[in-house]
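> Hey, dropping input_18.pdb in here, PDB, C-alpha atoms and all ligand atoms:
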```pdb
ATOM      1  CA  MET A   1     -19.283  60.520 141.933  1.00  0.00           C
ATOM      2  CA  ASN A   2     -19.518  63.092 139.128  1.00  0.00           C
ATOM      3  CA  THR A   3     -17.102  62.645 136.235  1.00  0.00           C
ATOM      4  CA  PRO A   4     -14.790  65.664 136.035  1.00  0.00           C
ATOM      5  CA  LEU A   5     -15.204  67.688 132.841  1.00  0.00           C
ATOM      6  CA  CYS A   6     -12.422  69.132 130.727  1.00  0.00           C
ATOM      7  CA  GLU A   7     -12.784  72.179 128.509  1.00  0.00           C
ATOM      8  CA  ILE A   8     -11.573  71.710 124.941  1.00  0.00           C
ATOM      9  CA  SER A   9     -11.278  74.007 121.930  1.00  0.00           C
ATOM     10  CA  LEU A  10     -10.960  72.555 118.476  1.00  0.00           C
ATOM     11  CA  THR A  11     -12.095  73.065 114.898  1.00  0.00           C
ATOM     12  CA  VAL A  12     -14.722  70.726 113.486  1.00  0.00           C
ATOM     13  CA  ASN A  13     -15.378  70.881 109.761  1.00  0.00           C
ATOM     14  CA  GLY A  14     -13.944  74.380 109.686  1.00  0.00           C
ATOM     15  CA  GLU A  15     -16.028  75.710 112.591  1.00  0.00           C
ATOM     16  CA  PRO A  16     -14.507  76.592 115.973  1.00  0.00           C
ATOM     17  CA  VAL A  17     -15.943  74.523 118.814  1.00  0.00           C
ATOM     18  CA  ARG A  18     -15.547  74.896 122.582  1.00  0.00           C
ATOM     19  CA  ALA A  19     -17.011  72.252 124.801  1.00  0.00           C
ATOM     20  CA  GLN A  20     -16.855  70.591 128.184  1.00  0.00           C
ATOM     21  CA  VAL A  21     -16.317  66.869 127.912  1.00  0.00           C
ATOM     22  CA  ALA A  22     -15.677  64.008 130.262  1.00  0.00           C
ATOM     23  CA  ALA A  23     -12.033  62.999 130.191  1.00  0.00           C
ATOM     24  CA  ARG A  24     -12.885  59.507 128.933  1.00  0.00           C
ATOM     25  CA  ARG A  25     -15.373  60.549 126.233  1.00  0.00           C
ATOM     26  CA  SER A  26     -14.387  59.159 122.840  1.00  0.00           C
ATOM     27  CA  LEU A  27     -14.054  61.499 119.906  1.00  0.00           C
ATOM     28  CA  VAL A  28     -16.785  59.729 117.947  1.00  0.00           C
ATOM     29  CA  ASP A  29     -19.227  59.893 120.869  1.00  0.00           C
ATOM     30  CA  PHE A  30     -18.448  63.587 121.308  1.00  0.00           C
ATOM     31  CA  LEU A  31     -19.083  64.320 117.631  1.00  0.00           C
ATOM     32  CA  ARG A  32     -22.225  62.218 117.360  1.00  0.00           C
ATOM     33  CA  GLU A  33     -23.903  62.919 120.674  1.00  0.00           C
ATOM     34  CA  ASP A  34     -22.696  66.394 121.617  1.00  0.00           C
ATOM     35  CA  LEU A  35     -22.364  67.980 118.173  1.00  0.00           C
ATOM     36  CA  GLY A  36     -25.016  65.952 116.316  1.00  0.00           C
ATOM     37  CA  LEU A  37     -22.581  64.868 113.592  1.00  0.00           C
ATOM     38  CA  THR A  38     -23.928  61.365 113.135  1.00  0.00           C
ATOM     39  CA  GLY A  39     -22.240  60.653 109.807  1.00  0.00           C
ATOM     40  CA  SER A  40     -19.402  58.896 111.625  1.00  0.00           C
ATOM     41  CA  HIS A  41     -20.749  55.517 112.661  1.00  0.00           C
ATOM     42  CA  ILE A  42     -19.927  53.232 115.572  1.00  0.00           C
ATOM     43  CA  GLY A  43     -19.437  49.528 115.062  1.00  0.00           C
ATOM     44  CA  CYS A  44     -16.888  47.614 117.069  1.00  0.00           C
ATOM     45  CA  GLU A  45     -15.594  50.425 119.329  1.00  0.00           C
ATOM     46  CA  GLN A  46     -12.255  48.594 119.299  1.00  0.00           C
ATOM     47  CA  GLY A  47     -10.511  50.027 116.248  1.00  0.00           C
ATOM     48  CA  PHE A  48     -11.219  47.108 113.899  1.00  0.00           C
ATOM     49  CA  CYS A  49     -14.191  47.942 111.683  1.00  0.00           C
ATOM     50  CA  GLY A  50     -13.451  51.459 110.399  1.00  0.00           C
ATOM     51  CA  ALA A  51     -17.052  52.684 110.739  1.00  0.00           C
ATOM     52  CA  CYS A  52     -15.830  55.632 112.833  1.00  0.00           C
ATOM     53  CA  THR A  53     -13.075  56.736 110.424  1.00  0.00           C
ATOM     54  CA  MET A  54     -12.465  60.490 110.396  1.00  0.00           C
ATOM     55  CA  ARG A  55      -9.590  62.938 109.997  1.00  0.00           C
ATOM     56  CA  VAL A  56      -7.653  64.727 112.702  1.00  0.00           C
ATOM     57  CA  ASP A  57      -5.095  67.244 111.468  1.00  0.00           C
ATOM     58  CA  GLY A  58      -5.295  65.665 108.035  1.00  0.00           C
ATOM     59  CA  GLN A  59      -4.606  62.128 109.254  1.00  0.00           C
ATOM     60  CA  ILE A  60      -7.081  59.284 109.144  1.00  0.00           C
ATOM     61  CA  VAL A  61      -7.965  58.123 112.663  1.00  0.00           C
ATOM     62  CA  ARG A  62     -10.411  55.838 114.411  1.00  0.00           C
ATOM     63  CA  GLY A  63     -12.817  58.063 116.300  1.00  0.00           C
ATOM     64  CA  CYS A  64     -13.553  55.271 118.769  1.00  0.00           C
ATOM     65  CA  LEU A  65      -9.909  55.014 119.795  1.00  0.00           C
ATOM     66  CA  MET A  66      -9.281  58.721 120.343  1.00  0.00           C
ATOM     67  CA  LEU A  67     -10.498  60.721 123.260  1.00  0.00           C
ATOM     68  CA  ALA A  68     -12.151  64.055 122.615  1.00  0.00           C
ATOM     69  CA  VAL A  69      -9.674  65.697 125.006  1.00  0.00           C
ATOM     70  CA  GLN A  70      -6.805  64.549 122.776  1.00  0.00           C
ATOM     71  CA  CYS A  71      -8.159  66.869 120.080  1.00  0.00           C
ATOM     72  CA  GLU A  72      -7.451  70.093 121.930  1.00  0.00           C
ATOM     73  CA  GLY A  73      -6.406  72.573 119.230  1.00  0.00           C
ATOM     74  CA  ALA A  74      -6.895  70.027 116.437  1.00  0.00           C
ATOM     75  CA  GLN A  75      -8.643  70.266 113.087  1.00  0.00           C
ATOM     76  CA  VAL A  76     -11.241  67.516 112.948  1.00  0.00           C
ATOM     77  CA  GLU A  77     -13.006  66.604 109.706  1.00  0.00           C
ATOM     78  CA  THR A  78     -15.950  64.248 109.487  1.00  0.00           C
ATOM     79  CA  ILE A  79     -17.779  62.870 106.483  1.00  0.00           C
ATOM     80  CA  GLU A  80     -20.209  65.810 106.736  1.00  0.00           C
ATOM     81  CA  GLY A  81     -17.453  68.384 106.236  1.00  0.00           C
ATOM     82  CA  VAL A  82     -15.588  66.450 103.571  1.00  0.00           C
ATOM     83  CA  SER A  83     -18.830  65.834 101.704  1.00  0.00           C
ATOM     84  CA  ASP A  84     -20.031  69.450 101.940  1.00  0.00           C
ATOM     85  CA  SER A  85     -16.691  70.751 100.629  1.00  0.00           C
ATOM     86  CA  GLY A  86     -17.124  68.802  97.381  1.00  0.00           C
ATOM     87  CA  GLU A  87     -13.697  67.217  97.854  1.00  0.00           C
ATOM     88  CA  ILE A  88     -14.997  63.706  97.237  1.00  0.00           C
ATOM     89  CA  ALA A  89     -17.995  64.446  95.011  1.00  0.00           C
ATOM     90  CA  ASP A  90     -16.545  62.332  92.183  1.00  0.00           C
ATOM     91  CA  LEU A  91     -15.893  59.425  94.543  1.00  0.00           C
ATOM     92  CA  GLN A  92     -19.403  59.646  95.973  1.00  0.00           C
ATOM     93  CA  ASP A  93     -20.830  59.654  92.435  1.00  0.00           C
ATOM     94  CA  ALA A  94     -18.766  56.584  91.579  1.00  0.00           C
ATOM     95  CA  PHE A  95     -20.035  54.770  94.701  1.00  0.00           C
ATOM     96  CA  GLU A  96     -23.603  55.531  93.669  1.00  0.00           C
ATOM     97  CA  ARG A  97     -23.153  54.613  89.997  1.00  0.00           C
ATOM     98  CA  ARG A  98     -21.491  51.314  90.818  1.00  0.00           C
ATOM     99  CA  ASN A  99     -23.767  50.318  93.694  1.00  0.00           C
ATOM    100  CA  ALA A 100     -20.864  50.374  96.118  1.00  0.00           C
ATOM    101  CA  LEU A 101     -23.162  50.719  99.096  1.00  0.00           C
ATOM    102  CA  GLN A 102     -26.188  48.887 100.371  1.00  0.00           C
ATOM    103  CA  CYS A 103     -27.029  49.648 104.003  1.00  0.00           C
ATOM    104  CA  GLY A 104     -24.456  52.459 103.969  1.00  0.00           C
ATOM    105  CA  TYR A 105     -23.184  51.783 107.464  1.00  0.00           C
ATOM    106  CA  CYS A 106     -19.576  51.395 106.346  1.00  0.00           C
ATOM    107  CA  THR A 107     -19.765  54.061 103.641  1.00  0.00           C
ATOM    108  CA  PRO A 108     -18.576  57.206 105.474  1.00  0.00           C
ATOM    109  CA  GLY A 109     -15.493  55.362 106.691  1.00  0.00           C
ATOM    110  CA  MET A 110     -14.919  53.765 103.292  1.00  0.00           C
ATOM    111  CA  LEU A 111     -15.111  57.129 101.565  1.00  0.00           C
ATOM    112  CA  LEU A 112     -12.657  58.781 103.938  1.00  0.00           C
ATOM    113  CA  SER A 113     -10.189  55.891 103.712  1.00  0.00           C
ATOM    114  CA  ALA A 114     -10.506  55.847  99.923  1.00  0.00           C
ATOM    115  CA  ALA A 115     -10.010  59.623  99.793  1.00  0.00           C
ATOM    116  CA  GLN A 116      -6.759  59.185 101.694  1.00  0.00           C
ATOM    117  CA  LEU A 117      -5.524  56.650  99.138  1.00  0.00           C
ATOM    118  CA  LEU A 118      -6.662  58.724  96.158  1.00  0.00           C
ATOM    119  CA  GLY A 119      -4.957  61.760  97.658  1.00  0.00           C
ATOM    120  CA  ARG A 120      -1.602  60.079  97.034  1.00  0.00           C
ATOM    121  CA  GLY A 121      -2.242  60.415  93.295  1.00  0.00           C
ATOM    122  CA  GLY A 122      -1.808  57.879  90.514  1.00  0.00           C
ATOM    123  CA  VAL A 123      -3.926  54.807  89.911  1.00  0.00           C
ATOM    124  CA  PRO A 124      -3.445  52.219  92.655  1.00  0.00           C
ATOM    125  CA  SER A 125      -3.747  48.549  91.737  1.00  0.00           C
ATOM    126  CA  ARG A 126      -6.864  46.704  92.835  1.00  0.00           C
ATOM    127  CA  GLN A 127      -4.690  44.813  95.304  1.00  0.00           C
ATOM    128  CA  ALA A 128      -3.366  48.071  96.725  1.00  0.00           C
ATOM    129  CA  ILE A 129      -6.928  49.356  97.091  1.00  0.00           C
ATOM    130  CA  ARG A 130      -7.929  46.152  98.897  1.00  0.00           C
ATOM    131  CA  GLU A 131      -4.963  46.381 101.217  1.00  0.00           C
ATOM    132  CA  HIS A 132      -5.667  50.028 101.961  1.00  0.00           C
ATOM    133  CA  LEU A 133      -9.261  49.193 102.899  1.00  0.00           C
ATOM    134  CA  ALA A 134      -8.285  46.231 105.060  1.00  0.00           C
ATOM    135  CA  GLY A 135      -9.342  48.149 108.169  1.00  0.00           C
ATOM    136  CA  ASN A 136     -12.780  49.058 106.810  1.00  0.00           C
ATOM    137  CA  TYR A 137     -15.319  46.263 107.052  1.00  0.00           C
ATOM    138  CA  CYS A 138     -18.392  45.989 104.843  1.00  0.00           C
ATOM    139  CA  ARG A 139     -20.999  43.350 105.633  1.00  0.00           C
ATOM    140  CA  CYS A 140     -23.124  43.929 102.528  1.00  0.00           C
ATOM    141  CA  THR A 141     -21.344  44.517  99.253  1.00  0.00           C
ATOM    142  CA  GLY A 142     -18.637  41.893  98.986  1.00  0.00           C
ATOM    143  CA  TYR A 143     -16.196  44.760  98.333  1.00  0.00           C
ATOM    144  CA  HIS A 144     -15.968  44.343  94.526  1.00  0.00           C
ATOM    145  CA  ALA A 145     -18.167  47.339  93.733  1.00  0.00           C
ATOM    146  CA  ILE A 146     -16.282  49.459  96.270  1.00  0.00           C
ATOM    147  CA  ILE A 147     -12.960  48.561  94.638  1.00  0.00           C
ATOM    148  CA  ASP A 148     -14.506  49.311  91.213  1.00  0.00           C
ATOM    149  CA  ALA A 149     -15.682  52.750  92.347  1.00  0.00           C
ATOM    150  CA  ILE A 150     -12.327  53.705  93.826  1.00  0.00           C
ATOM    151  CA  GLU A 151     -10.411  52.440  90.806  1.00  0.00           C
ATOM    152  CA  ALA A 152     -12.745  54.300  88.435  1.00  0.00           C
ATOM    153  CA  THR A 153     -12.294  57.519  90.399  1.00  0.00           C
ATOM    154  CA  ALA A 154      -8.514  57.150  90.365  1.00  0.00           C
ATOM    155  CA  ARG A 155      -8.558  56.558  86.612  1.00  0.00           C
ATOM    156  CA  ALA A 156     -10.817  59.529  85.979  1.00  0.00           C
ATOM    157  CA  ARG A 157      -8.624  61.800  88.114  1.00  0.00           C
ATOM    158  CA  ALA A 158      -5.571  60.585  86.206  1.00  0.00           C
ATOM    159  CA  GLY A 159      -7.281  61.391  82.913  1.00  0.00           C
ATOM    160  CA  GLU A 160      -7.708  57.727  82.025  1.00  0.00           C
ATOM    161  CA  GLU A 161     -11.059  56.284  81.151  1.00  0.00           C
ATOM    162  CA  LYS A 162     -11.442  52.589  81.750  1.00  0.00           C
TER     163      LYS A 162
HETATM  164  S1  LIG B   1     -16.197  51.667 115.762  1.00  0.00           S
HETATM  165 FE1  LIG B   1     -14.195  52.487 115.586  1.00  0.00          FE
HETATM  166  S2  LIG B   1     -13.111  51.013 114.405  1.00  0.00           S
HETATM  167 FE2  LIG B   1     -15.062  50.105 114.744  1.00  0.00          FE
HETATM  168  S1  LIG B   2     -22.906  48.762 102.695  1.00  0.00           S
HETATM  169 FE1  LIG B   2     -23.637  47.769 104.489  1.00  0.00          FE
HETATM  170  S2  LIG B   2     -21.832  47.494 105.682  1.00  0.00           S
HETATM  171 FE2  LIG B   2     -21.097  48.235 103.789  1.00  0.00          FE
END
```
Show me, as structure tokens, the structure contained in the file I just sent.
Ligand code: FES
Ligand code: FES


Amino acid sequence: MNTPLCEISLTVNGEPVRAQVAARRSLVDFLREDLGLTGSHIGCEQGFCGACTMRVDGQIVRGCLMLAVQCEGAQVETIEGVSDSGEIADLQDAFERRNALQCGYCTPGMLLSAAQLLGRGGVPSRQAIREHLAGNYCRCTGYHAIIDAIEATARARAGEEK
């Protein structure tokens, strides 16, 4: 039996998109496979690992837990759009300088989660950074360099140099 398709209209990284998708297609599969935006990764597909982190209407979501059809009329932002806009250029530089990535599989999700925390302003404690990233798993770095990079970015944005 053919899966019925639904037509959706949404904005992805500032561009209008219309598409026909299966009702059960996840948002991350739609972005990766239909739109070729492979910056959002897929790990657990159960909402635990954070590899598929993205923004919908300004809120951080798990792309594996949302259906594409739930994004009718929404503004979706992936790591590609957020990176191209320059919004997190300082954070990306800090990740590179401090070796906060190895394989890079977790990195898009880490960056978007960190950007959410940094967007609140101020300099969060290292414990607060750890707690904020509790839903983003990294199998390579041991997290210390990631925490360093986020803390350094927060300090630089606040006009403090460590
Ligand atoms: S793939 Fe979505 S949280 Fe792991
Ligand atoms: S850098 Fe490899 S999973 Fe984080």

> List every residue of chain A that has an atom at most 12 Å from any atom of ligand LIG 2 (chain B), and for each one report the closest atom pair and its distance in Å to one decimal, counting all atoms listed in the file, with rows sorted by chain and then by increasing residue number, as JSON lines.


```
{"residue": "A:His41", "atom": "CA", "partner": "B:LIG2", "partner_atom": "S2", "distance": 10.7}
{"residue": "A:Ile42", "atom": "CA", "partner": "B:LIG2", "partner_atom": "S2", "distance": 11.6}
{"residue": "A:Gly43", "atom": "CA", "partner": "B:LIG2", "partner_atom": "S2", "distance": 9.9}
{"residue": "A:Cys49", "atom": "CA", "partner": "B:LIG2", "partner_atom": "S2", "distance": 9.7}
{"residue": "A:Gly50", "atom": "CA", "partner": "B:LIG2", "partner_atom": "S2", "distance": 10.4}
{"residue": "A:Ala51", "atom": "CA", "partner": "B:LIG2", "partner_atom": "S2", "distance": 8.7}
{"residue": "A:Phe95", "atom": "CA", "partner": "B:LIG2", "partner_atom": "S1", "distance": 10.4}
{"residue": "A:Glu96", "atom": "CA", "partner": "B:LIG2", "partner_atom": "S1", "distance": 11.3}
{"residue": "A:Asn99", "atom": "CA", "partner": "B:LIG2", "partner_atom": "S1", "distance": 9.2}
{"residue": "A:Ala100", "atom": "CA", "partner": "B:LIG2", "partner_atom": "S1", "distance": 7.1}
{"residue": "A:Leu101", "atom": "CA", "partner": "B:LIG2", "partner_atom": "S1", "distance": 4.1}
{"residue": "A:Gln102", "atom": "CA", "partner": "B:LIG2", "partner_atom": "S1", "distance": 4.0}
{"residue": "A:Cys103", "atom": "CA", "partner": "B:LIG2", "partner_atom": "FE1", "distance": 3.9}
{"residue": "A:Gly104", "atom": "CA", "partner": "B:LIG2", "partner_atom": "S1", "distance": 4.2}
{"residue": "A:Tyr105", "atom": "CA", "partner": "B:LIG2", "partner_atom": "S2", "distance": 4.8}
{"residue": "A:Cys106", "atom": "CA", "partner": "B:LIG2", "partner_atom": "FE2", "distance": 4.3}
{"residue": "A:Thr107", "atom": "CA", "partner": "B:LIG2", "partner_atom": "FE2", "distance": 6.0}
{"residue": "A:Pro108", "atom": "CA", "partner": "B:LIG2", "partner_atom": "FE2", "distance": 9.5}
{"residue": "A:Gly109", "atom": "CA", "partner": "B:LIG2", "partner_atom": "FE2", "distance": 9.5}
{"residue": "A:Met110", "atom": "CA", "partner": "B:LIG2", "partner_atom": "FE2", "distance": 8.3}
{"residue": "A:Leu111", "atom": "CA", "partner": "B:LIG2", "partner_atom": "FE2", "distance": 10.9}
{"residue": "A:Leu133", "atom": "CA", "partner": "B:LIG2", "partner_atom": "FE2", "distance": 11.9}
{"residue": "A:Asn136", "atom": "CA", "partner": "B:LIG2", "partner_atom": "FE2", "distance": 8.9}
{"residue": "A:Tyr137", "atom": "CA", "partner": "B:LIG2", "partner_atom": "S2", "distance": 6.8}
{"residue": "A:Cys138", "atom": "CA", "partner": "B:LIG2", "partner_atom": "FE2", "distance": 3.7}
{"residue": "A:Arg139", "atom": "CA", "partner": "B:LIG2", "partner_atom": "S2", "distance": 4.2}
{"residue": "A:Cys140", "atom": "CA", "partner": "B:LIG2", "partner_atom": "FE1", "distance": 4.3}
{"residue": "A:Thr141", "atom": "CA", "partner": "B:LIG2", "partner_atom": "S1", "distance": 5.7}
{"residue": "A:Gly142", "atom": "CA", "partner": "B:LIG2", "partner_atom": "FE2", "distance": 8.3}
{"residue": "A:Tyr143", "atom": "CA", "partner": "B:LIG2", "partner_atom": "FE2", "distance": 8.1}
{"residue": "A:His144", "atom": "CA", "partner": "B:LIG2", "partner_atom": "FE2", "distance": 11.3}
{"residue": "A:Ala145", "atom": "CA", "partner": "B:LIG2", "partner_atom": "S1", "distance": 10.2}
{"residue": "A:Ile146", "atom": "CA", "partner": "B:LIG2", "partner_atom": "FE2", "distance": 9.0}
```

> Could you list, as a count of residues only, every residue within 9 Å of Val61 in chain A, counting only C-alpha atoms and ignoring same-chain residues fewer than 6 positions away?

5

> Could you name the residues that touch Leu91 in chain A at 12 Å or less, counting only C-alpha atoms, but leaving out those on the same chain fewer than 5 positions away, as an mmCIF file with C-alpha atoms, in the frame of the given file?


```cif
data_model
loop_
_atom_site.group_PDB
_atom_site.id
_atom_site.type_symbol
_atom_site.label_atom_id
_atom_site.label_comp_id
_atom_site.auth_asym_id
_atom_site.auth_seq_id
_atom_site.Cartn_x
_atom_site.Cartn_y
_atom_site.Cartn_z
ATOM 1 C CA VAL A 82 -15.588 66.450 103.571
ATOM 2 C CA SER A 83 -18.830 65.834 101.704
ATOM 3 C CA GLY A 86 -17.124 68.802 97.381
ATOM 4 C CA GLU A 96 -23.603 55.531 93.669
ATOM 5 C CA ARG A 97 -23.153 54.613 89.997
ATOM 6 C CA ARG A 98 -21.491 51.314 90.818
ATOM 7 C CA ALA A 100 -20.864 50.374 96.118
ATOM 8 C CA THR A 107 -19.765 54.061 103.641
ATOM 9 C CA PRO A 108 -18.576 57.206 105.474
ATOM 10 C CA MET A 110 -14.919 53.765 103.292
ATOM 11 C CA LEU A 111 -15.111 57.129 101.565
ATOM 12 C CA LEU A 112 -12.657 58.781 103.938
ATOM 13 C CA SER A 113 -10.189 55.891 103.712
ATOM 14 C CA ALA A 114 -10.506 55.847 99.923
ATOM 15 C CA ALA A 115 -10.010 59.623 99.793
ATOM 16 C CA GLN A 116 -6.759 59.185 101.694
ATOM 17 C CA LEU A 117 -5.524 56.650 99.138
ATOM 18 C CA LEU A 118 -6.662 58.724 96.158
ATOM 19 C CA GLY A 119 -4.957 61.760 97.658
ATOM 20 C CA ILE A 146 -16.282 49.459 96.270
ATOM 21 C CA ILE A 147 -12.960 48.561 94.638
ATOM 22 C CA ASP A 148 -14.506 49.311 91.213
ATOM 23 C CA ALA A 149 -15.682 52.750 92.347
ATOM 24 C CA ILE A 150 -12.327 53.705 93.826
ATOM 25 C CA GLU A 151 -10.411 52.440 90.806
ATOM 26 C CA ALA A 152 -12.745 54.300 88.435
ATOM 27 C CA THR A 153 -12.294 57.519 90.399
ATOM 28 C CA ALA A 154 -8.514 57.150 90.365
ATOM 29 C CA ARG A 155 -8.558 56.558 86.612
ATOM 30 C CA ALA A 156 -10.817 59.529 85.979
ATOM 31 C CA ARG A 157 -8.624 61.800 88.114
#
```

> Give me, as an MDAnalysis selection string, all polymer residues having an atom no more than 10 Å from Thr38 in chain A, counting all atoms listed in the file and skipping those fewer than 2 positions away in the same chain.

chainID A and resid 28:29 31:36 40:42 52 78:80

> Once 8 Å is added on each side, what are the centre and the three edge lengths, in Å to one decimal, of the axis-aligned box enclosing the listed atoms of range 128-141 of chain A? Present them as AutoDock Vina command-line options.


```
--center_x -13.2 --center_y 46.7 --center_z 102.4 --size_x 35.8 --size_y 22.7 --size_z 27.4
```

> Report, in Å with one decimal, the straight-line distance from CA of Glu72 in chain A to CA of Gln59 in chain A.

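Going from CA of Glu72 in chain A over to CA of Gln59 in chain A, I get 15.2 Å.
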
> For ligand LIG 1 (chain B), which residue out of A:Val76, A:Leu27, A:Val56, A:Val12 is the nearest one, using only C-alpha atoms and all ligand atoms?

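The closest residue to ligand LIG 1 (chain B) is A:Leu27.
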
> How many Å separate CA of Gly73 in chain A from CA of Thr3 in chain A?

22.4 Å

> Work out how far CA of Ser26 in chain A is from CA of Arg62 in chain A, in Å to one decimal.

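Between CA of Arg62 in chain A and CA of Ser26 in chain A the gap works out to 9.9 Å.
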
> Of the candidates A:Arg130, A:Ser125, A:Asp93, A:Cys64, which one gets nearest to ligand LIG 1 (chain B) if we count all atoms listed in the file?

A:Cys64

> The PyMOL selection byres (((chain A and resi 14-24) around 9) and not hetatm) on the file shown: which residues, as a PDB file with C-alpha atoms, keeping the file's coordinate frame?


```pdb
ATOM      1  CA  THR A   3     -17.102  62.645 136.235  1.00  0.00           C
ATOM      2  CA  PRO A   4     -14.790  65.664 136.035  1.00  0.00           C
ATOM      3  CA  LEU A   5     -15.204  67.688 132.841  1.00  0.00           C
ATOM      4  CA  CYS A   6     -12.422  69.132 130.727  1.00  0.00           C
ATOM      5  CA  GLU A   7     -12.784  72.179 128.509  1.00  0.00           C
ATOM      6  CA  ILE A   8     -11.573  71.710 124.941  1.00  0.00           C
ATOM      7  CA  SER A   9     -11.278  74.007 121.930  1.00  0.00           C
ATOM      8  CA  LEU A  10     -10.960  72.555 118.476  1.00  0.00           C
ATOM      9  CA  THR A  11     -12.095  73.065 114.898  1.00  0.00           C
ATOM     10  CA  VAL A  12     -14.722  70.726 113.486  1.00  0.00           C
ATOM     11  CA  ASN A  13     -15.378  70.881 109.761  1.00  0.00           C
ATOM     12  CA  ARG A  25     -15.373  60.549 126.233  1.00  0.00           C
ATOM     13  CA  SER A  26     -14.387  59.159 122.840  1.00  0.00           C
ATOM     14  CA  PHE A  30     -18.448  63.587 121.308  1.00  0.00           C
ATOM     15  CA  ASP A  34     -22.696  66.394 121.617  1.00  0.00           C
ATOM     16  CA  LEU A  67     -10.498  60.721 123.260  1.00  0.00           C
ATOM     17  CA  ALA A  68     -12.151  64.055 122.615  1.00  0.00           C
ATOM     18  CA  VAL A  69      -9.674  65.697 125.006  1.00  0.00           C
ATOM     19  CA  GLN A  75      -8.643  70.266 113.087  1.00  0.00           C
ATOM     20  CA  VAL A  76     -11.241  67.516 112.948  1.00  0.00           C
ATOM     21  CA  GLU A  77     -13.006  66.604 109.706  1.00  0.00           C
ATOM     22  CA  GLY A  81     -17.453  68.384 106.236  1.00  0.00           C
TER      23      GLY A  81
END
```

> Taking all atoms listed in the file into account, which of A:Gly121, A:Gln127, A:Cys44, A:Gly135 comes nearest ligand LIG 1 (chain B)?

A:Cys44

> In terms of the shortest atom-to-atom distance over only C-alpha atoms and all ligand atoms, which of A:Ser85, A:Gln92, A:Gln70, A:Gln46 is closest to ligand LIG 1 (chain B)?

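Of the candidates, the smallest distance to ligand LIG 1 (chain B) is held by A:Gln46.
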
> Give the answer as one residue: which of A:Ala134, A:Ala128, A:Val123, A:Ile88 has the shortest atom-to-atom distance to ligand LIG 1 (chain B), using all atoms listed in the file?

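Smallest separation from ligand LIG 1 (chain B) among the options: A:Ala134.
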
> Any chance you could build range 91-104 of chain A out to N, CA and C atoms and write it as a PDB file, in the frame of the given file?


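Wrote it out as out_5.pdb, contents follow:
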```pdb
ATOM      1  N   LEU A  91     -15.928  60.749  93.907  1.00  0.00           N
ATOM      2  CA  LEU A  91     -15.893  59.425  94.543  1.00  0.00           C
ATOM      3  C   LEU A  91     -17.297  59.009  94.996  1.00  0.00           C
ATOM      4  N   GLN A  92     -18.026  59.944  95.552  1.00  0.00           N
ATOM      5  CA  GLN A  92     -19.403  59.646  95.973  1.00  0.00           C
ATOM      6  C   GLN A  92     -20.267  59.274  94.765  1.00  0.00           C
ATOM      7  N   ASP A  93     -20.084  59.992  93.657  1.00  0.00           N
ATOM      8  CA  ASP A  93     -20.830  59.654  92.435  1.00  0.00           C
ATOM      9  C   ASP A  93     -20.490  58.242  91.969  1.00  0.00           C
ATOM     10  N   ALA A  94     -19.195  57.914  92.023  1.00  0.00           N
ATOM     11  CA  ALA A  94     -18.766  56.584  91.579  1.00  0.00           C
ATOM     12  C   ALA A  94     -19.352  55.496  92.484  1.00  0.00           C
ATOM     13  N   PHE A  95     -19.415  55.734  93.787  1.00  0.00           N
ATOM     14  CA  PHE A  95     -20.035  54.770  94.701  1.00  0.00           C
ATOM     15  C   PHE A  95     -21.501  54.558  94.320  1.00  0.00           C
ATOM     16  N   GLU A  96     -22.182  55.649  94.001  1.00  0.00           N
ATOM     17  CA  GLU A  96     -23.603  55.531  93.669  1.00  0.00           C
ATOM     18  C   GLU A  96     -23.787  54.801  92.333  1.00  0.00           C
ATOM     19  N   ARG A  97     -23.008  55.207  91.333  1.00  0.00           N
ATOM     20  CA  ARG A  97     -23.153  54.613  89.997  1.00  0.00           C
ATOM     21  C   ARG A  97     -22.874  53.124  90.011  1.00  0.00           C
ATOM     22  N   ARG A  98     -21.924  52.715  90.837  1.00  0.00           N
ATOM     23  CA  ARG A  98     -21.491  51.314  90.818  1.00  0.00           C
ATOM     24  C   ARG A  98     -22.089  50.496  91.956  1.00  0.00           C
ATOM     25  N   ASN A  99     -23.093  51.037  92.598  1.00  0.00           N
ATOM     26  CA  ASN A  99     -23.767  50.318  93.694  1.00  0.00           C
ATOM     27  C   ASN A  99     -22.773  49.835  94.746  1.00  0.00           C
ATOM     28  N   ALA A 100     -21.899  50.736  95.154  1.00  0.00           N
ATOM     29  CA  ALA A 100     -20.864  50.374  96.118  1.00  0.00           C
ATOM     30  C   ALA A 100     -21.338  50.532  97.557  1.00  0.00           C
ATOM     31  N   LEU A 101     -22.623  50.704  97.737  1.00  0.00           N
ATOM     32  CA  LEU A 101     -23.162  50.719  99.096  1.00  0.00           C
ATOM     33  C   LEU A 101     -24.542  50.084  99.096  1.00  0.00           C
ATOM     34  N   GLN A 102     -24.847  49.442 100.199  1.00  0.00           N
ATOM     35  CA  GLN A 102     -26.188  48.887 100.371  1.00  0.00           C
ATOM     36  C   GLN A 102     -26.802  49.515 101.619  1.00  0.00           C
ATOM     37  N   CYS A 103     -26.462  49.008 102.806  1.00  0.00           N
ATOM     38  CA  CYS A 103     -27.029  49.648 104.003  1.00  0.00           C
ATOM     39  C   CYS A 103     -26.378  50.999 104.270  1.00  0.00           C
ATOM     40  N   GLY A 104     -25.154  51.180 103.799  1.00  0.00           N
ATOM     41  CA  GLY A 104     -24.456  52.459 103.969  1.00  0.00           C
ATOM     42  C   GLY A 104     -23.740  52.626 105.295  1.00  0.00           C
TER      43      GLY A 104
END
```
